[in-house]
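This is work35.cif (mmCIF, C-alpha atoms and all ligand atoms).
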data_target
#
loop_
_atom_site.label_atom_id
_atom_site.label_comp_id
_atom_site.auth_asym_id
_atom_site.auth_seq_id
_atom_site.Cartn_x
_atom_site.Cartn_y
_atom_site.Cartn_z
CA MET L 273 -12.50 2.94 -2.49
CA ALA L 274 -11.68 6.65 -2.20
CA ALA L 275 -14.67 8.16 -3.98
CA GLY L 276 -16.54 9.43 -0.89
CA GLN L 277 -17.15 13.07 -0.06
CA GLY L 278 -16.37 12.83 3.67
CA THR L 279 -18.97 15.33 4.78
CA ARG L 280 -18.22 14.85 8.48
CA PHE L 281 -14.69 16.15 7.86
CA GLY L 282 -15.84 19.14 5.81
CA ALA L 283 -13.46 17.90 3.09
CA PRO L 284 -12.87 14.65 1.22
CA LYS L 285 -11.73 12.47 4.11
CA GLN L 286 -9.52 10.25 1.98
CA ARG L 287 -7.22 13.23 1.34
CA VAL L 288 -6.69 14.20 5.00
CA PRO L 289 -2.96 13.96 5.82
CA LEU L 290 -1.96 11.14 8.16
CA LEU L 291 1.73 10.75 9.07
CA GLY L 292 2.91 12.66 6.02
CA ARG L 293 0.67 11.19 3.35
CA PRO L 294 -3.02 11.27 2.42
CA LEU L 295 -5.24 8.88 4.37
CA TYR L 296 -6.17 6.78 1.31
CA MET L 297 -2.55 5.99 0.54
CA HIS L 298 -1.92 3.95 3.72
CA GLY L 299 -4.25 1.04 2.98
CA LEU L 300 -3.55 1.27 -0.75
CA ARG L 301 0.18 0.97 -0.13
CA ASP L 302 -0.38 -2.09 2.08
CA LEU L 303 -2.45 -3.78 -0.61
CA ALA L 304 -0.20 -2.85 -3.53
CA ALA L 305 2.76 -4.36 -1.64
CA HIS L 306 0.96 -7.61 -0.81
CA PRO L 307 2.63 -10.50 -2.66
CA ALA L 308 -0.71 -11.97 -3.85
CA VAL L 309 -1.95 -8.71 -5.34
CA VAL L 310 -1.40 -8.56 -9.11
CA GLU L 311 -3.25 -5.32 -9.77
CA ALA L 312 -4.57 -2.41 -7.68
CA VAL L 313 -7.40 -0.05 -8.65
CA LEU L 314 -8.10 3.21 -6.80
CA VAL L 315 -11.66 4.51 -7.21
CA VAL L 316 -11.73 8.32 -6.81
CA PRO L 317 -14.29 11.13 -7.08
CA PRO L 318 -15.17 11.60 -10.77
CA GLY L 319 -13.11 14.39 -12.34
CA GLU L 320 -10.22 14.04 -9.88
CA GLU L 321 -8.46 11.16 -11.64
CA ALA L 322 -5.50 13.30 -12.79
CA LEU L 323 -4.84 14.63 -9.28
CA TYR L 324 -4.68 11.11 -7.87
CA ARG L 325 -2.57 9.79 -10.75
CA THR L 326 0.03 12.51 -10.13
CA GLU L 327 0.08 11.74 -6.41
CA LEU L 328 0.42 7.99 -6.98
CA LEU L 329 3.25 8.49 -9.44
CA ALA L 330 5.15 10.67 -6.96
CA ALA L 331 4.67 8.03 -4.27
CA GLY L 332 6.05 5.22 -6.41
CA LEU L 333 2.56 3.79 -6.92
CA GLY L 334 2.33 4.60 -10.63
CA ALA L 335 1.20 1.05 -11.41
CA VAL L 336 -2.08 1.60 -9.53
CA ARG L 337 -5.01 2.10 -11.94
CA VAL L 338 -7.36 4.99 -11.21
CA ALA L 339 -11.11 4.73 -11.89
CA PRO L 340 -13.87 7.31 -11.41
CA GLY L 341 -16.46 6.58 -8.73
CA GLY L 342 -20.22 6.46 -9.20
CA ALA L 343 -23.21 8.10 -7.52
CA THR L 344 -23.25 5.56 -4.66
CA ARG L 345 -20.72 3.32 -2.94
CA THR L 346 -22.17 0.28 -4.66
CA ALA L 347 -21.81 1.95 -8.07
CA SER L 348 -18.25 2.97 -7.20
CA VAL L 349 -17.29 -0.61 -6.36
CA ARG L 350 -18.82 -1.66 -9.68
CA HIS L 351 -16.68 0.92 -11.51
CA GLY L 352 -13.63 -0.41 -9.71
CA ILE L 353 -14.43 -3.98 -10.76
CA SER L 354 -14.85 -2.81 -14.38
CA ALA L 355 -11.39 -1.21 -14.27
CA ILE L 356 -9.64 -4.51 -13.49
CA SER L 357 -7.68 -5.45 -16.59
CA ASP L 358 -6.86 -9.05 -15.64
CA ALA L 359 -9.93 -11.11 -16.55
CA ASP L 360 -8.47 -14.23 -14.90
CA VAL L 361 -8.10 -12.80 -11.43
CA GLU L 362 -9.31 -15.29 -8.81
CA ALA L 363 -10.09 -12.95 -5.95
CA ILE L 364 -10.94 -9.30 -5.47
CA VAL L 365 -10.18 -7.42 -2.26
CA VAL L 366 -12.31 -4.33 -1.57
CA HIS L 367 -10.92 -1.81 0.91
CA ASP L 368 -12.19 1.56 2.13
CA ALA L 369 -9.78 4.50 2.00
CA ALA L 370 -11.08 5.59 5.41
CA ARG L 371 -9.34 2.62 7.02
CA PRO L 372 -5.61 3.39 7.08
CA ALA L 373 -4.30 -0.17 6.99
CA ALA L 374 -4.72 -3.48 5.18
CA PRO L 375 -2.29 -5.65 7.17
CA ALA L 376 -0.67 -8.38 5.08
CA ALA L 377 -1.40 -11.09 7.67
CA LEU L 378 -5.08 -10.14 7.68
CA VAL L 379 -5.25 -10.20 3.86
CA ASP L 380 -3.60 -13.65 3.95
CA SER L 381 -6.26 -14.91 6.38
CA LEU L 382 -9.11 -13.44 4.29
CA LEU L 383 -7.80 -15.03 1.08
CA ALA L 384 -7.31 -18.37 2.80
CA ALA L 385 -10.93 -18.25 4.02
CA LEU L 386 -12.13 -18.09 0.39
CA ASP L 387 -11.44 -21.84 0.17
CA HIS L 388 -14.70 -22.28 2.07
CA ALA L 389 -16.69 -19.11 1.42
CA SER L 390 -17.62 -16.66 -1.33
CA CYS L 391 -16.37 -13.81 0.73
CA ALA L 392 -14.42 -13.10 3.91
CA VAL L 393 -14.83 -10.00 6.06
CA PRO L 394 -12.74 -8.77 8.99
CA SER L 395 -14.61 -8.24 12.25
CA LEU L 396 -14.00 -5.90 15.17
CA PRO L 397 -15.47 -6.55 18.62
CA VAL L 398 -18.33 -4.51 20.05
CA ALA L 399 -17.17 -2.94 23.32
CA ASP L 400 -20.36 -1.20 24.41
CA THR L 401 -23.61 -2.67 25.64
CA LEU L 402 -26.21 -2.50 22.89
CA ARG L 403 -29.89 -1.56 23.29
CA TRP L 404 -32.83 -1.66 20.93
CA ARG L 405 -33.86 1.91 20.23
CA HIS L 406 -37.54 0.99 20.75
CA GLY L 407 -38.46 -1.61 23.35
CA PRO L 408 -36.62 -3.17 26.28
CA GLY L 409 -33.24 -4.85 26.25
CA GLY L 410 -30.94 -5.34 23.31
CA PRO L 411 -28.81 -7.89 21.47
CA ASP L 412 -26.11 -9.81 23.27
CA ARG L 413 -22.94 -7.95 22.30
CA SER L 414 -20.96 -11.19 22.10
CA ALA L 415 -23.34 -12.29 19.34
CA VAL L 416 -22.60 -9.31 17.09
CA VAL L 417 -19.49 -7.88 15.46
CA ARG L 418 -18.57 -4.71 13.63
CA VAL L 419 -17.60 -5.38 10.02
CA ALA L 420 -14.53 -3.65 8.56
CA THR L 421 -12.49 -3.81 5.36
CA PRO L 422 -10.44 -5.12 3.56
CA GLN L 423 -12.97 -7.71 2.42
CA ALA L 424 -11.98 -10.54 0.10
CA PHE L 425 -14.26 -12.06 -2.52
CA ARG L 426 -14.11 -14.85 -5.03
CA ALA L 427 -14.04 -12.68 -8.14
CA ALA L 428 -16.88 -14.48 -9.94
CA ASP L 429 -19.17 -14.21 -6.90
CA LEU L 430 -18.55 -10.49 -6.44
CA VAL L 431 -19.16 -9.80 -10.13
CA ARG L 432 -22.40 -11.83 -10.00
CA ALA L 433 -23.56 -10.05 -6.80
CA HIS L 434 -22.98 -6.63 -8.33
CA ALA L 435 -24.71 -7.58 -11.58
CA ARG L 436 -27.80 -8.55 -9.57
CA ALA L 437 -27.59 -5.40 -7.43
CA GLU L 438 -27.39 -3.23 -10.54
CA ALA L 439 -30.35 -4.98 -12.15
CA CYS L 440 -32.45 -4.57 -8.97
CA GLY L 441 -31.23 -1.08 -8.10
CA ASP L 442 -29.96 -2.53 -4.81
CA GLU L 443 -27.51 -0.52 -2.70
CA ALA L 444 -25.47 -1.70 0.26
CA THR L 445 -22.90 -0.19 2.60
CA ASP L 446 -21.09 -3.50 2.49
CA ASP L 447 -20.42 -5.78 -0.48
CA ALA L 448 -20.72 -8.92 1.66
CA LEU L 449 -24.45 -8.17 1.99
CA LEU L 450 -24.77 -8.19 -1.81
CA VAL L 451 -22.92 -11.51 -2.02
CA GLU L 452 -25.27 -13.01 0.59
CA ALA L 453 -28.21 -11.80 -1.50
CA VAL L 454 -27.08 -14.17 -4.29
CA GLY L 455 -26.64 -17.06 -1.87
CA GLY L 456 -22.94 -16.61 -1.13
CA ARG L 457 -21.42 -17.73 2.16
CA VAL L 458 -19.58 -15.15 4.29
CA ALA L 459 -16.62 -16.02 6.52
CA ILE L 460 -15.85 -13.76 9.47
CA VAL L 461 -12.17 -13.24 10.32
CA PRO L 462 -11.15 -11.45 13.52
CA ALA L 463 -9.24 -8.23 12.74
CA VAL L 464 -7.00 -5.80 14.58
CA ALA L 465 -7.60 -2.18 15.56
CA ALA L 466 -5.41 -1.03 12.66
CA VAL L 467 -8.43 -1.38 10.35
CA GLU L 468 -10.69 0.89 12.46
CA LYS L 469 -12.38 3.49 10.26
CA VAL L 470 -11.37 7.14 10.48
CA THR L 471 -14.62 9.12 10.67
CA THR L 472 -13.79 12.17 12.77
CA PRO L 473 -10.64 14.22 13.45
CA ALA L 474 -10.36 12.40 16.82
CA ASP L 475 -10.26 9.06 14.96
CA LEU L 476 -7.45 10.49 12.85
CA ALA L 477 -5.36 11.24 15.93
CA ALA L 478 -5.97 7.71 17.22
CA ALA L 479 -5.00 6.21 13.85
CA ALA L 480 -1.82 8.31 13.80
CA SER L 481 -0.71 7.10 17.20
CA ARG L 482 -1.55 3.48 16.27
CA LEU L 483 0.44 3.66 13.05
CA ALA L 484 3.32 5.56 14.67
CA GLY L 485 3.36 2.95 17.43
CA GLU L 486 3.67 0.22 14.83
CA ALA L 487 6.50 2.08 13.12
CA VAL L 488 8.57 1.63 16.29
CA ALA L 489 7.01 -1.70 17.19
CA PRO L 490 9.05 -3.69 19.67
CA GLY L 491 11.08 -6.41 18.13
CA PRO L 492 14.67 -6.78 17.05
CA LEU L 493 16.08 -4.08 14.80
CA ARG L 494 17.46 -5.43 11.54
CA MET L 495 19.95 -3.45 9.52
CA GLY L 496 20.67 -3.83 5.85
CA MET L 497 23.20 -2.12 3.65
CA GLY L 498 23.00 -1.62 -0.08
CA LEU L 499 25.52 -0.48 -2.67
CA ASP L 500 25.14 0.35 -6.35
CA HIS L 501 27.05 2.11 -9.13
CA HIS L 502 25.91 3.40 -12.50
CA ARG L 503 27.96 5.06 -15.24
CA LEU L 504 27.19 8.64 -16.32
CA ALA L 505 25.94 8.92 -19.90
CA VAL L 506 25.02 11.89 -22.10
CA GLY L 507 21.39 12.07 -23.17
CA ARG L 508 19.89 10.15 -20.23
CA VAL L 509 17.64 11.67 -17.57
CA LEU L 510 19.31 11.64 -14.15
CA VAL L 511 16.92 10.37 -11.46
CA LEU L 512 18.06 10.02 -7.85
CA CYS L 513 15.69 8.89 -5.06
CA GLY L 514 12.93 9.30 -7.65
CA VAL L 515 13.79 13.00 -8.15
CA PRO L 516 14.77 14.16 -11.65
CA VAL L 517 18.03 16.16 -11.54
CA PRO L 518 18.37 18.51 -14.53
CA GLY L 519 21.52 18.39 -16.68
CA ASP L 520 23.05 16.89 -19.84
CA GLU L 521 23.98 13.58 -18.28
CA GLY L 522 22.04 10.77 -16.68
CA LEU L 523 22.94 7.23 -15.70
CA GLU L 524 23.18 4.19 -17.94
CA GLY L 525 20.93 1.30 -17.00
CA HIS L 526 18.03 -0.90 -18.00
CA SER L 527 15.52 0.72 -15.65
CA ASP L 528 15.55 4.49 -14.98
CA ALA L 529 18.97 3.70 -13.42
CA ASP L 530 18.10 5.39 -10.11
CA VAL L 531 21.28 4.28 -8.36
CA ALA L 532 20.07 5.64 -5.01
CA LEU L 533 16.83 3.63 -5.01
CA HIS L 534 18.71 0.51 -6.16
CA ALA L 535 20.96 0.85 -3.11
CA VAL L 536 17.89 1.42 -0.90
CA ALA L 537 16.16 -1.67 -2.33
CA ASN L 538 19.32 -3.71 -1.71
CA ALA L 539 19.46 -2.45 1.88
CA ILE L 540 15.81 -3.41 2.48
CA LEU L 541 16.40 -6.85 0.98
CA GLY L 542 19.55 -7.21 3.08
CA ALA L 543 17.76 -6.35 6.31
CA ALA L 544 15.03 -8.82 5.39
CA GLY L 545 17.56 -11.59 4.77
CA GLU L 546 16.83 -11.65 1.04
CA ARG L 547 19.23 -11.79 -1.91
CA ASP L 548 20.05 -8.62 -3.86
CA ILE L 549 18.05 -6.90 -6.59
CA GLY L 550 20.18 -8.46 -9.34
CA VAL L 551 18.63 -11.79 -8.34
CA HIS L 552 15.08 -10.46 -7.92
CA TRP L 553 15.21 -8.22 -11.03
CA PRO L 554 17.68 -9.50 -13.62
CA ASP L 555 18.47 -6.99 -16.40
CA ASP L 556 16.33 -8.97 -18.84
CA ALA L 557 13.31 -9.25 -16.49
CA PRO L 558 10.06 -8.35 -18.28
CA GLY L 559 9.00 -4.74 -17.77
CA ILE L 560 12.39 -3.61 -16.46
CA ALA L 561 13.21 -1.40 -19.47
CA GLY L 562 12.85 2.22 -18.39
CA MET L 563 10.82 1.33 -15.29
CA ALA L 564 10.71 3.72 -12.33
CA SER L 565 12.88 2.19 -9.62
CA ALA L 566 10.32 3.13 -6.97
CA GLY L 567 8.52 -0.02 -8.08
CA ILE L 568 11.56 -2.08 -7.13
CA VAL L 569 11.67 -0.48 -3.67
CA THR L 570 7.94 -1.00 -3.20
CA HIS L 571 8.31 -4.66 -4.08
CA ALA L 572 11.26 -5.04 -1.69
CA LEU L 573 9.13 -3.43 1.05
CA GLY L 574 6.41 -5.95 0.26
CA LEU L 575 8.84 -8.85 0.76
CA ALA L 576 9.94 -7.32 4.08
CA ARG L 577 6.36 -6.76 5.18
CA ALA L 578 5.46 -10.33 4.36
CA LYS L 579 8.03 -11.24 7.03
CA GLY L 580 6.41 -8.85 9.52
CA LEU L 581 9.12 -6.20 9.12
CA ARG L 582 8.59 -2.45 9.03
CA THR L 583 10.88 0.34 7.92
CA VAL L 584 12.21 2.45 10.78
CA GLN L 585 15.01 4.53 9.28
CA ALA L 586 17.00 5.02 6.08
CA GLN L 587 20.13 6.81 4.98
CA VAL L 588 21.63 7.20 1.52
CA VAL L 589 25.15 8.45 0.75
CA LEU L 590 25.71 9.53 -2.87
CA THR L 591 29.15 10.01 -4.37
CA ALA L 592 29.21 11.89 -7.67
CA ALA L 593 31.97 13.84 -9.38
CA ARG L 594 29.18 15.72 -11.14
CA PRO L 595 26.60 17.21 -11.12
CA ARG L 596 26.36 19.14 -7.86
CA LEU L 597 23.68 17.30 -5.87
CA GLY L 598 23.43 19.49 -2.75
CA PRO L 599 20.54 21.65 -3.99
CA HIS L 600 18.47 18.53 -4.73
CA VAL L 601 18.97 16.80 -1.39
CA PRO L 602 15.83 18.20 0.32
CA ALA L 603 13.63 16.95 -2.54
CA MET L 604 15.32 13.55 -2.36
CA VAL L 605 14.69 13.31 1.39
CA GLU L 606 11.04 14.21 0.81
CA ALA L 607 10.61 11.62 -1.96
CA LEU L 608 12.43 8.87 -0.09
CA ALA L 609 10.43 9.49 3.11
CA ALA L 610 7.16 9.27 1.14
CA LEU L 611 8.26 6.12 -0.65
CA LEU L 612 9.33 4.35 2.55
CA GLY L 613 6.40 5.64 4.62
CA LEU L 614 8.72 7.39 7.05
CA GLY L 615 8.79 10.82 8.61
CA ARG L 616 11.37 13.22 7.19
CA ASP L 617 13.40 13.02 10.41
CA ALA L 618 13.92 9.29 9.87
CA VAL L 619 15.53 9.77 6.46
CA ALA L 620 18.88 11.31 5.54
CA VAL L 621 20.55 11.83 2.16
CA HIS L 622 24.21 12.87 2.04
CA ALA L 623 26.06 13.87 -1.12
CA THR L 624 29.80 14.05 -1.68
CA SER L 625 31.96 14.79 -4.72
CA ALA L 626 34.78 12.35 -3.82
CA GLU L 627 37.38 14.93 -4.86
CA GLY L 628 37.13 13.66 -8.46
CA LEU L 629 38.41 10.20 -7.47
CA LEU L 630 35.29 8.33 -8.64
CA GLY L 631 35.37 9.13 -12.37
CA ASP L 632 32.36 8.97 -14.70
CA ALA L 633 29.92 7.28 -12.37
CA ILE L 634 27.61 7.82 -9.43
CA GLU L 635 27.90 5.57 -6.41
CA ALA L 636 25.19 5.07 -3.80
CA HIS L 637 25.43 3.48 -0.40
CA ALA L 638 22.26 2.93 1.64
CA LEU L 639 21.54 1.83 5.16
CA VAL L 640 18.00 0.78 6.06
CA VAL L 641 16.76 -0.23 9.51
CA LEU L 642 13.71 -2.48 9.80
CA SER L 643 11.97 -3.52 12.97
CA GLY L 644 10.84 -7.08 13.40
CA GLY L 645 7.69 -8.48 14.89
CA GLY L 646 4.96 -6.76 12.94
CA PHE L 647 1.52 -8.25 13.41
CA ALA L 648 1.28 -11.28 15.63
CA PRO L 649 -0.39 -14.21 13.84
CA VAL L 650 -3.57 -14.11 15.93
CA TYR L 651 -6.05 -14.48 13.08
CA THR L 652 -8.29 -17.49 12.90
CA THR L 653 -10.28 -18.31 9.81
CA GLY L 654 -11.83 -21.62 10.71
CA ALA L 655 -10.78 -22.64 7.22
CA GLY L 656 -8.24 -25.09 8.60
CA THR L 657 -6.29 -25.59 5.40
CA ALA L 658 -3.65 -23.53 3.72
CA GLY L 659 -3.90 -22.48 0.12
CA GLY L 660 -6.41 -20.14 -1.34
CA PRO L 661 -6.24 -18.03 -4.45
CA SER L 662 -2.78 -17.41 -5.82
CA SER L 663 -3.65 -13.99 -7.13
CA ALA L 664 -5.88 -11.17 -6.06
CA THR L 665 -6.72 -7.65 -6.97
CA GLY L 666 -6.94 -5.02 -4.26
MG MG I 1 21.54 -0.50 -10.33
#
Using structure tokens, write down the structure from this file.
Amino acid sequence: MAAGQGTRFGAPKQRVPLLGRPLYMHGLRDLAAHPAVVEAVLVVPPGEEALYRTELLAAGLGAVRVAPGGATRTASVRHGISAISDADVEAIVVHDAARPAAPAALVDSLLAALDHASCAVPSLPVADTLRWRHGPGGPDRSAVVRVATPQAFRAADLVRAHARAEACGDEATDDALLVEAVGGRVAIVPAVAAVEKVTTPADLAAAASRLAGEAVAPGPLRMGMGLDHHRLAVGRVLVLCGVPVPGDEGLEGHSDADVALHAVANAILGAAGERDIGVHWPDDAPGIAGMASAGIVTHALGLARAKGLRTVQAQVVLTAARPRLGPHVPAMVEALAALLGLGRDAVAVHATSAEGLLGDAIEAHALVVLSGGGFAPVYTTGAGTAGGPSSATG
């Protein structure tokens, strides 16, 4: 949900830069990479769909659908639900763009809790003593929680709750309240500070240091290397690190043949102890024809994240007899940093001509460093059993 106006920031809050990318993109990226998520919908201020689509495409999130928001948050959520193309989806996850994380382990816990509830919400503790505004005393702070997002819903229950809300003209700051209004049961799942909302510029600074801290989270460093070659071919568009390089020749391949991103994906998979992209994406895999290879990298990142691994650093070395790649290196660094969620100083792209020894091909080597650990499995759902929906939309 990125349709708000963010009046306290003086600008749409979801667009405020946080560690090199707009605020909304952090949580969206987490959700899009989650293995259970089959489709992601971004709800944006009406009229700004094209701006967001362009940004998503550049960030390797071109598969995310964009929907215009409504006059209220409740209406915006309804628009988002309407934009889901998969009618058979079992669960829907609703997340606010103002919260710069949707940790995979938390999403897992929320989905698992749907075995026993219509909806599951993450909770944050209340640190301060609470008082009634009028009258003595106040509620026991251990008896109350602050509710955050992402929130997970059985799809049918959320659709039913919103249909009733629309019919009654009911509005809520939280979809769980609407689900309760139709008799749904709400499960409360303890969350981590990563899902704290960014409301003021001070919150933004706190979120930046939290996320940066996670990027260098303690835990063993895991290195992966990747290698790929593609043959030069006349009449193809040359794309390297997601950046189009003008010229008469491109690379042969089933996807966009971005040899650099294939090497990067292999390096991520290697560091995560996974097999190579040829196993994960055979040439005849559905949807592979002409696909942007950023999708392959994003999926590899999702597999790594599911193991609690985060990207720390990446380097690509390109060997090409032609064309001259030097002038395009800064754009490649920029694109690769955005795709991997890294600062520019954690990414390097080198290009060499190999003195003509390579022939009619481009070769890419990649080294990616991941850090282990990630989020400790401290979540409790009370659900007791594993399982839960096999697919979800976030
Ligand atoms: Mg390849």
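Of the residues under consideration (L:Leu449, L:Leu642, L:Val464, L:Ala535), L:Ala535 shows the shortest atom-to-atom contact distance to ligand MG 1 (chain I) when counting all atoms listed in the file.
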Do a neighbour search on stretch 506-518 of chain L at 8 Å with all atoms listed in the file, toss out local chain neighbours closer than 2 positions, and write the hits as JSON, numbers by chain. {"L": [330, 504, 520, 521, 522, 523, 524, 528, 529, 530, 531, 532, 533, 564, 565, 566, 600, 603, 604, 605, 607, 608]}
Spatial neighbours of stretch 316-327 of chain L, max dist 6 Å, only C-alpha atoms, sep filter under 4 positions, as an mmCIF file with C-alpha atoms, keeping the file's coordinate frame:
data_model
loop_
_atom_site.group_PDB
_atom_site.id
_atom_site.type_symbol
_atom_site.label_atom_id
_atom_site.label_comp_id
_atom_site.auth_asym_id
_atom_site.auth_seq_id
_atom_site.Cartn_x
_atom_site.Cartn_y
_atom_site.Cartn_z
ATOM 1 C CA ALA L 274 -11.680 6.650 -2.200
ATOM 2 C CA ALA L 275 -14.670 8.160 -3.980
ATOM 3 C CA PRO L 340 -13.870 7.310 -11.410
ATOM 4 C CA GLY L 341 -16.460 6.580 -8.730
#
Just the residues within 8 Å of L:Ala623, please, counting only C-alpha atoms, with nothing from its chain fewer than 6 positions along; format it as a ChimeraX atom specification. /L:589-592,597-598,601
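A straight line drawn from atom CA of L:Glu311 to atom CA of L:Leu450 is 23.1 Å long.
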Write only N, CA, C and O atoms for stretch 509-523 of chain L from the block just shown, as an mmCIF file, in the first residue's frame.
data_model
loop_
_atom_site.group_PDB
_atom_site.id
_atom_site.type_symbol
_atom_site.label_atom_id
_atom_site.label_comp_id
_atom_site.auth_asym_id
_atom_site.auth_seq_id
_atom_site.Cartn_x
_atom_site.Cartn_y
_atom_site.Cartn_z
ATOM 1 N N VAL L 509 19.474 -7.236 -28.870
ATOM 2 C CA VAL L 509 19.773 -6.107 -27.994
ATOM 3 C C VAL L 509 20.752 -6.594 -26.924
ATOM 4 O O VAL L 509 20.500 -7.611 -26.271
ATOM 5 N N LEU L 510 21.855 -5.872 -26.758
ATOM 6 C CA LEU L 510 22.838 -6.248 -25.741
ATOM 7 C C LEU L 510 22.426 -5.647 -24.390
ATOM 8 O O LEU L 510 22.262 -4.435 -24.269
ATOM 9 N N VAL L 511 22.228 -6.502 -23.414
ATOM 10 C CA VAL L 511 21.854 -6.059 -22.066
ATOM 11 C C VAL L 511 22.860 -6.649 -21.088
ATOM 12 O O VAL L 511 23.067 -7.865 -21.054
ATOM 13 N N LEU L 512 23.508 -5.787 -20.309
ATOM 14 C CA LEU L 512 24.489 -6.252 -19.329
ATOM 15 C C LEU L 512 24.178 -5.616 -17.978
ATOM 16 O O LEU L 512 24.057 -4.385 -17.879
ATOM 17 N N CYS L 513 24.031 -6.404 -16.951
ATOM 18 C CA CYS L 513 23.613 -5.921 -15.618
ATOM 19 C C CYS L 513 22.281 -5.185 -15.714
ATOM 20 O O CYS L 513 22.023 -4.261 -14.949
ATOM 21 N N GLY L 514 21.452 -5.544 -16.672
ATOM 22 C CA GLY L 514 20.162 -4.885 -16.835
ATOM 23 C C GLY L 514 20.226 -3.587 -17.615
ATOM 24 O O GLY L 514 19.206 -2.943 -17.836
ATOM 25 N N VAL L 515 21.433 -3.210 -18.082
ATOM 26 C CA VAL L 515 21.610 -1.936 -18.797
ATOM 27 C C VAL L 515 21.729 -2.213 -20.298
ATOM 28 O O VAL L 515 22.607 -2.974 -20.707
ATOM 29 N N PRO L 516 20.864 -1.618 -21.122
ATOM 30 C CA PRO L 516 20.999 -1.806 -22.570
ATOM 31 C C PRO L 516 22.259 -1.095 -23.072
ATOM 32 O O PRO L 516 22.498 0.060 -22.730
ATOM 33 N N VAL L 517 23.062 -1.814 -23.880
ATOM 34 C CA VAL L 517 24.284 -1.238 -24.446
ATOM 35 C C VAL L 517 24.064 -1.117 -25.951
ATOM 36 O O VAL L 517 23.892 -2.126 -26.637
ATOM 37 N N PRO L 518 24.050 0.128 -26.475
ATOM 38 C CA PRO L 518 23.714 0.301 -27.891
ATOM 39 C C PRO L 518 24.762 -0.323 -28.819
ATOM 40 O O PRO L 518 25.938 -0.393 -28.478
ATOM 41 N N GLY L 519 24.319 -0.779 -29.982
ATOM 42 C CA GLY L 519 25.212 -1.368 -30.975
ATOM 43 C C GLY L 519 24.450 -2.329 -31.863
ATOM 44 O O GLY L 519 23.251 -2.541 -31.679
ATOM 45 N N ASP L 520 25.153 -2.910 -32.856
ATOM 46 C CA ASP L 520 24.513 -3.813 -33.817
ATOM 47 C C ASP L 520 24.344 -5.219 -33.262
ATOM 48 O O ASP L 520 23.530 -5.988 -33.746
ATOM 49 N N GLU L 521 25.176 -5.560 -32.282
ATOM 50 C CA GLU L 521 25.170 -6.937 -31.802
ATOM 51 C C GLU L 521 24.646 -7.039 -30.370
ATOM 52 O O GLU L 521 24.869 -6.154 -29.546
ATOM 53 N N GLY L 522 23.989 -8.140 -30.099
ATOM 54 C CA GLY L 522 23.601 -8.491 -28.742
ATOM 55 C C GLY L 522 24.092 -9.892 -28.455
ATOM 56 O O GLY L 522 25.029 -10.358 -29.115
ATOM 57 N N LEU L 523 23.469 -10.547 -27.484
ATOM 58 C CA LEU L 523 23.887 -11.903 -27.140
ATOM 59 C C LEU L 523 22.770 -12.887 -27.438
ATOM 60 O O LEU L 523 21.596 -12.593 -27.218
#
